[in-house]
Amino acid sequence: MKVIGVIPARLKSNRLPEKPLKMIYGLPMIVHVYKRAEMCQDLDELYVATDSQRIREVVEEHGGKVIMTSKKPATGTDRIAEAVSEMECDLVVNIQGDEPLVRPEHISAAIRALEDHEVHVSCLSTSSTNKNDKNEIKVVFDKRSNVLYYSRTDIPSDKRVEVKTHYKQYCIYCFRKEFLKKFTEMEQSPLEKIEYVELLRAIENGFIVRNVNVDSNSKAVDTEEDLKEVEKLMKDDDLRGKY
């Protein structure tokens, strides 16, 4: 199978403007993501998809490949679908540009989940002990690791039984190429609009989303506080010295 990794990136962000270009240990965040994803041996090609000339210049300055898209895409997945529309490939991995602690072996884990041919898309999760954190998307899944639901509230509830550990979404998605096109052509679903979690669109339409739980300290950057926390986590990170 041919597998293409794509990192969607845009300058506009409500909570943290120009997020991809925020500096972490001397490198823009988008470059950290690219360099770490580049270590994944299961990716045949890797690109940043953006409508920003500034992002393009920064990525290319550091040796990365860029696909310029229109300004139309409403989500990162829409941007990726536009970027790969004319490419020949089997799988497309959405590697979020605000996951600067992403690890290559975790990208591989998301890819391997699609060896099961009934799975349409996979996504990672990792354990969390945080409570009532609206920035964390919690996930619950069945005995086959197929996702049942995503929510920005704590699920499952600990109203009757104490739940010490939840699972939070770790935003690496792997799509079958043909399903990616179908997915972006679907209308936003009711629960997706409520939770603001796009993979609920697939679940509400009866498609299988496979969860892969990994041991990770990965943290998505949405705020200045997140950025500071990532800087602390990256201080002793074993991959940082390799790029």
# chains A, B, ... in the order shown; residues from 1 in each chain; ligands from 1
call {"tool": "select_by_dssp", "arguments": {"residues": "segment 30-67 of chain A", "states": "strand (DSSP E or B)", "output": "PyMOL selection string"}}
result
chain A and resi 45-50+66-67
call {"tool": "residues_around", "arguments": {"residues": "segment 120-134 of chain A", "least_positions_apart": "2", "cutoff": "7 Å", "atoms": "only C-alpha atoms", "output": "ChimeraX atom specification"}}
result
/A:110,113-114,118,136,152-154,164-176,179,207-216
call {"tool": "write_last_selection", "arguments": {"atoms": "C-alpha atoms", "output": "PDB file, in the first residue's frame"}}
result
ATOM      1  CA  ALA A 110      -2.642   4.303  13.233  1.00  0.00           C
ATOM      2  CA  ALA A 113      -5.111  -0.391  12.268  1.00  0.00           C
ATOM      3  CA  LEU A 114      -6.314  -0.279   8.656  1.00  0.00           C
ATOM      4  CA  GLU A 118     -13.622  -3.395   7.691  1.00  0.00           C
ATOM      5  CA  GLU A 136      -9.481  17.256  25.826  1.00  0.00           C
ATOM      6  CA  ARG A 152     -15.586  17.148  25.391  1.00  0.00           C
ATOM      7  CA  THR A 153     -17.164  16.134  28.691  1.00  0.00           C
ATOM      8  CA  ASP A 154     -15.836  13.289  30.820  1.00  0.00           C
ATOM      9  CA  LYS A 164      -9.848   7.520  37.655  1.00  0.00           C
ATOM     10  CA  THR A 165      -8.585   7.276  34.077  1.00  0.00           C
ATOM     11  CA  HIS A 166     -10.238   8.391  30.851  1.00  0.00           C
ATOM     12  CA  TYR A 167      -8.964   8.109  27.303  1.00  0.00           C
ATOM     13  CA  LYS A 168      -8.394  11.290  25.325  1.00  0.00           C
ATOM     14  CA  GLN A 169      -8.126  11.678  21.579  1.00  0.00           C
ATOM     15  CA  TYR A 170      -4.599  11.949  20.176  1.00  0.00           C
ATOM     16  CA  CYS A 171      -5.197  13.564  16.820  1.00  0.00           C
ATOM     17  CA  ILE A 172      -3.588  11.295  14.272  1.00  0.00           C
ATOM     18  CA  TYR A 173      -6.200  10.001  11.797  1.00  0.00           C
ATOM     19  CA  CYS A 174      -5.576   7.412   9.080  1.00  0.00           C
ATOM     20  CA  PHE A 175      -8.159   7.293   6.271  1.00  0.00           C
ATOM     21  CA  ARG A 176      -8.627   4.980   3.361  1.00  0.00           C
ATOM     22  CA  PHE A 179     -13.346   6.963   2.271  1.00  0.00           C
ATOM     23  CA  PHE A 207     -18.790   3.721   9.391  1.00  0.00           C
ATOM     24  CA  ILE A 208     -16.160   2.073  11.584  1.00  0.00           C
ATOM     25  CA  VAL A 209     -13.627   4.240  13.399  1.00  0.00           C
ATOM     26  CA  ARG A 210     -10.942   2.114  15.037  1.00  0.00           C
ATOM     27  CA  ASN A 211      -9.316   3.476  18.191  1.00  0.00           C
ATOM     28  CA  VAL A 212      -5.669   2.662  18.876  1.00  0.00           C
ATOM     29  CA  ASN A 213      -4.580   3.384  22.412  1.00  0.00           C
ATOM     30  CA  VAL A 214      -0.905   4.253  22.870  1.00  0.00           C
ATOM     31  CA  ASP A 215       1.296   5.268  25.770  1.00  0.00           C
ATOM     32  CA  SER A 216       2.106   8.906  25.072  1.00  0.00           C
TER      33      SER A 216
END
call {"tool": "closest_residue", "arguments": {"among": "A:Ile4, A:Ile55, A:Met186, A:Ile194", "to": "Ser85 of chain A", "atoms": "only C-alpha atoms"}}
result
A:Ile4
call {"tool": "atom_distance", "arguments": {"atom1": "atom CA of Ala83 of chain A", "atom2": "atom CA of Ile7 of chain A"}}
result
10.3 Å
call {"tool": "closest_residue", "arguments": {"among": "A:Ile155, A:Val119, A:Arg10, A:Lys65", "to": "Lys35 of chain A", "atoms": "only C-alpha atoms"}}
result
A:Lys65
call {"tool": "closest_residue", "arguments": {"among": "A:Val147, A:Ile30, A:Cys40, A:Val84", "to": "Arg56 of chain A", "atoms": "only C-alpha atoms"}}
result
A:Ile30
call {"tool": "residues_around", "arguments": {"residues": "Ala49 of chain A", "least_positions_apart": "3", "cutoff": "7 Å", "atoms": "only C-alpha atoms", "output": "PyMOL selection string"}}
result
chain A and resi 6-9+66-69+79-80+83
call {"tool": "select_by_dssp", "arguments": {"residues": "chain A", "states": "alpha helix (DSSP H)", "output": "ChimeraX atom specification"}}
result
/A:29-37,53-61,76-84,104-112,177-185,190-195,200-204,224-234
call {"tool": "decode", "arguments": {"residues": "segment 81-209 of chain A", "atoms": "C-alpha atoms", "output": "PDB file, in the first residue's frame"}}
result
ATOM      1  CA  ALA A  81      -8.754  15.875   0.918  1.00  0.00           C
ATOM      2  CA  GLU A  82      -8.152  18.781  -1.459  1.00  0.00           C
ATOM      3  CA  ALA A  83      -4.382  18.309  -1.289  1.00  0.00           C
ATOM      4  CA  VAL A  84      -4.420  14.598  -2.163  1.00  0.00           C
ATOM      5  CA  SER A  85      -7.378  14.604  -4.560  1.00  0.00           C
ATOM      6  CA  GLU A  86      -5.197  13.944  -7.618  1.00  0.00           C
ATOM      7  CA  MET A  87      -2.681  11.645  -5.910  1.00  0.00           C
ATOM      8  CA  GLU A  88      -2.483   7.887  -6.301  1.00  0.00           C
ATOM      9  CA  CYS A  89      -2.383   6.310  -2.855  1.00  0.00           C
ATOM     10  CA  ASP A  90      -4.199   3.852  -0.619  1.00  0.00           C
ATOM     11  CA  LEU A  91      -4.053   5.499   2.809  1.00  0.00           C
ATOM     12  CA  VAL A  92      -3.855   9.120   3.919  1.00  0.00           C
ATOM     13  CA  VAL A  93      -2.694  10.055   7.419  1.00  0.00           C
ATOM     14  CA  ASN A  94      -3.887  13.319   8.917  1.00  0.00           C
ATOM     15  CA  ILE A  95      -1.092  14.425  11.250  1.00  0.00           C
ATOM     16  CA  GLN A  96      -2.307  17.445  13.168  1.00  0.00           C
ATOM     17  CA  GLY A  97       0.042  20.414  13.005  1.00  0.00           C
ATOM     18  CA  ASP A  98      -0.499  21.241  16.683  1.00  0.00           C
ATOM     19  CA  GLU A  99       0.887  17.907  17.975  1.00  0.00           C
ATOM     20  CA  PRO A 100       4.586  18.799  18.325  1.00  0.00           C
ATOM     21  CA  LEU A 101       5.275  15.720  20.480  1.00  0.00           C
ATOM     22  CA  VAL A 102       3.981  13.276  17.862  1.00  0.00           C
ATOM     23  CA  ARG A 103       6.064  10.114  17.575  1.00  0.00           C
ATOM     24  CA  PRO A 104       6.748   8.117  14.396  1.00  0.00           C
ATOM     25  CA  GLU A 105       5.806   4.791  15.979  1.00  0.00           C
ATOM     26  CA  HIS A 106       2.384   6.194  16.853  1.00  0.00           C
ATOM     27  CA  ILE A 107       1.777   7.187  13.236  1.00  0.00           C
ATOM     28  CA  SER A 108       2.671   3.608  12.318  1.00  0.00           C
ATOM     29  CA  ALA A 109       0.157   2.299  14.870  1.00  0.00           C
ATOM     30  CA  ALA A 110      -2.642   4.303  13.233  1.00  0.00           C
ATOM     31  CA  ILE A 111      -1.628   2.972   9.811  1.00  0.00           C
ATOM     32  CA  ARG A 112      -1.542  -0.651  10.968  1.00  0.00           C
ATOM     33  CA  ALA A 113      -5.111  -0.391  12.268  1.00  0.00           C
ATOM     34  CA  LEU A 114      -6.314  -0.279   8.656  1.00  0.00           C
ATOM     35  CA  GLU A 115      -4.904  -3.742   7.985  1.00  0.00           C
ATOM     36  CA  ASP A 116      -8.394  -4.735   9.163  1.00  0.00           C
ATOM     37  CA  HIS A 117     -10.336  -4.154   5.941  1.00  0.00           C
ATOM     38  CA  GLU A 118     -13.622  -3.395   7.691  1.00  0.00           C
ATOM     39  CA  VAL A 119     -12.095  -0.258   9.244  1.00  0.00           C
ATOM     40  CA  HIS A 120     -12.628   3.015   7.371  1.00  0.00           C
ATOM     41  CA  VAL A 121     -10.557   5.345   9.543  1.00  0.00           C
ATOM     42  CA  SER A 122      -8.398   5.037  12.649  1.00  0.00           C
ATOM     43  CA  CYS A 123      -7.521   7.463  15.399  1.00  0.00           C
ATOM     44  CA  LEU A 124      -5.227   7.326  18.401  1.00  0.00           C
ATOM     45  CA  SER A 125      -5.975   7.819  22.069  1.00  0.00           C
ATOM     46  CA  THR A 126      -3.942   7.992  25.244  1.00  0.00           C
ATOM     47  CA  SER A 127      -4.852   7.838  28.918  1.00  0.00           C
ATOM     48  CA  SER A 128      -5.667  10.940  30.936  1.00  0.00           C
ATOM     49  CA  THR A 129      -6.398  11.637  34.588  1.00  0.00           C
ATOM     50  CA  ASN A 130      -7.560  15.209  33.944  1.00  0.00           C
ATOM     51  CA  LYS A 131     -11.097  16.038  34.959  1.00  0.00           C
ATOM     52  CA  ASN A 132     -13.470  18.500  33.287  1.00  0.00           C
ATOM     53  CA  ASP A 133     -10.935  19.638  30.682  1.00  0.00           C
ATOM     54  CA  LYS A 134     -13.013  20.898  27.734  1.00  0.00           C
ATOM     55  CA  ASN A 135      -9.924  21.023  25.517  1.00  0.00           C
ATOM     56  CA  GLU A 136      -9.481  17.256  25.826  1.00  0.00           C
ATOM     57  CA  ILE A 137     -11.722  15.134  23.631  1.00  0.00           C
ATOM     58  CA  LYS A 138     -12.593  11.993  25.558  1.00  0.00           C
ATOM     59  CA  VAL A 139     -13.284   8.717  23.735  1.00  0.00           C
ATOM     60  CA  VAL A 140     -15.050   5.473  24.626  1.00  0.00           C
ATOM     61  CA  PHE A 141     -14.734   2.327  22.514  1.00  0.00           C
ATOM     62  CA  ASP A 142     -16.053  -1.216  22.420  1.00  0.00           C
ATOM     63  CA  LYS A 143     -14.261  -4.547  22.986  1.00  0.00           C
ATOM     64  CA  ARG A 144     -12.948  -4.499  19.417  1.00  0.00           C
ATOM     65  CA  SER A 145     -11.610  -0.965  19.947  1.00  0.00           C
ATOM     66  CA  ASN A 146     -14.204   0.541  17.610  1.00  0.00           C
ATOM     67  CA  VAL A 147     -15.156   4.031  18.750  1.00  0.00           C
ATOM     68  CA  LEU A 148     -18.598   4.410  20.309  1.00  0.00           C
ATOM     69  CA  TYR A 149     -18.482   8.128  21.059  1.00  0.00           C
ATOM     70  CA  TYR A 150     -16.313  11.223  21.451  1.00  0.00           C
ATOM     71  CA  SER A 151     -17.116  14.045  23.857  1.00  0.00           C
ATOM     72  CA  ARG A 152     -15.586  17.148  25.391  1.00  0.00           C
ATOM     73  CA  THR A 153     -17.164  16.134  28.691  1.00  0.00           C
ATOM     74  CA  ASP A 154     -15.836  13.289  30.820  1.00  0.00           C
ATOM     75  CA  ILE A 155     -17.001   9.906  29.534  1.00  0.00           C
ATOM     76  CA  PRO A 156     -17.761   7.442  30.926  1.00  0.00           C
ATOM     77  CA  SER A 157     -19.478   9.227  33.797  1.00  0.00           C
ATOM     78  CA  ASP A 158     -18.243   8.641  37.339  1.00  0.00           C
ATOM     79  CA  LYS A 159     -21.543   9.567  38.919  1.00  0.00           C
ATOM     80  CA  ARG A 160     -22.027   6.034  40.335  1.00  0.00           C
ATOM     81  CA  VAL A 161     -18.589   4.458  39.893  1.00  0.00           C
ATOM     82  CA  GLU A 162     -15.332   6.390  40.251  1.00  0.00           C
ATOM     83  CA  VAL A 163     -13.457   6.630  36.954  1.00  0.00           C
ATOM     84  CA  LYS A 164      -9.848   7.520  37.655  1.00  0.00           C
ATOM     85  CA  THR A 165      -8.585   7.276  34.077  1.00  0.00           C
ATOM     86  CA  HIS A 166     -10.238   8.391  30.851  1.00  0.00           C
ATOM     87  CA  TYR A 167      -8.964   8.109  27.303  1.00  0.00           C
ATOM     88  CA  LYS A 168      -8.394  11.290  25.325  1.00  0.00           C
ATOM     89  CA  GLN A 169      -8.126  11.678  21.579  1.00  0.00           C
ATOM     90  CA  TYR A 170      -4.599  11.949  20.176  1.00  0.00           C
ATOM     91  CA  CYS A 171      -5.197  13.564  16.820  1.00  0.00           C
ATOM     92  CA  ILE A 172      -3.588  11.295  14.272  1.00  0.00           C
ATOM     93  CA  TYR A 173      -6.200  10.001  11.797  1.00  0.00           C
ATOM     94  CA  CYS A 174      -5.576   7.412   9.080  1.00  0.00           C
ATOM     95  CA  PHE A 175      -8.159   7.293   6.271  1.00  0.00           C
ATOM     96  CA  ARG A 176      -8.627   4.980   3.361  1.00  0.00           C
ATOM     97  CA  LYS A 177      -8.243   7.293   0.372  1.00  0.00           C
ATOM     98  CA  GLU A 178     -11.667   6.480  -1.103  1.00  0.00           C
ATOM     99  CA  PHE A 179     -13.346   6.963   2.271  1.00  0.00           C
ATOM    100  CA  LEU A 180     -11.631  10.314   2.818  1.00  0.00           C
ATOM    101  CA  LYS A 181     -13.369  11.684  -0.283  1.00  0.00           C
ATOM    102  CA  LYS A 182     -16.711  10.243   0.794  1.00  0.00           C
ATOM    103  CA  PHE A 183     -16.258  11.596   4.323  1.00  0.00           C
ATOM    104  CA  THR A 184     -15.615  15.182   3.211  1.00  0.00           C
ATOM    105  CA  GLU A 185     -18.650  15.070   0.918  1.00  0.00           C
ATOM    106  CA  MET A 186     -20.985  14.133   3.804  1.00  0.00           C
ATOM    107  CA  GLU A 187     -22.921  16.857   5.577  1.00  0.00           C
ATOM    108  CA  GLN A 188     -21.881  17.664   9.130  1.00  0.00           C
ATOM    109  CA  SER A 189     -23.807  15.368  11.452  1.00  0.00           C
ATOM    110  CA  PRO A 190     -25.913  16.480  14.460  1.00  0.00           C
ATOM    111  CA  LEU A 191     -23.577  15.110  17.151  1.00  0.00           C
ATOM    112  CA  GLU A 192     -20.531  16.414  15.310  1.00  0.00           C
ATOM    113  CA  LYS A 193     -22.016  19.914  15.494  1.00  0.00           C
ATOM    114  CA  ILE A 194     -22.724  19.535  19.215  1.00  0.00           C
ATOM    115  CA  GLU A 195     -19.355  18.097  20.249  1.00  0.00           C
ATOM    116  CA  TYR A 196     -17.274  19.766  17.525  1.00  0.00           C
ATOM    117  CA  VAL A 197     -15.557  16.442  16.808  1.00  0.00           C
ATOM    118  CA  GLU A 198     -15.522  15.608  13.105  1.00  0.00           C
ATOM    119  CA  LEU A 199     -15.050  11.827  13.381  1.00  0.00           C
ATOM    120  CA  LEU A 200     -18.540  11.622  14.888  1.00  0.00           C
ATOM    121  CA  ARG A 201     -19.720  12.228  11.307  1.00  0.00           C
ATOM    122  CA  ALA A 202     -18.333   8.838  10.318  1.00  0.00           C
ATOM    123  CA  ILE A 203     -19.808   7.070  13.354  1.00  0.00           C
ATOM    124  CA  GLU A 204     -23.253   8.644  12.911  1.00  0.00           C
ATOM    125  CA  ASN A 205     -23.283   7.430   9.315  1.00  0.00           C
ATOM    126  CA  GLY A 206     -22.474   3.863  10.315  1.00  0.00           C
ATOM    127  CA  PHE A 207     -18.790   3.721   9.391  1.00  0.00           C
ATOM    128  CA  ILE A 208     -16.160   2.073  11.584  1.00  0.00           C
ATOM    129  CA  VAL A 209     -13.627   4.240  13.399  1.00  0.00           C
TER     130      VAL A 209
END
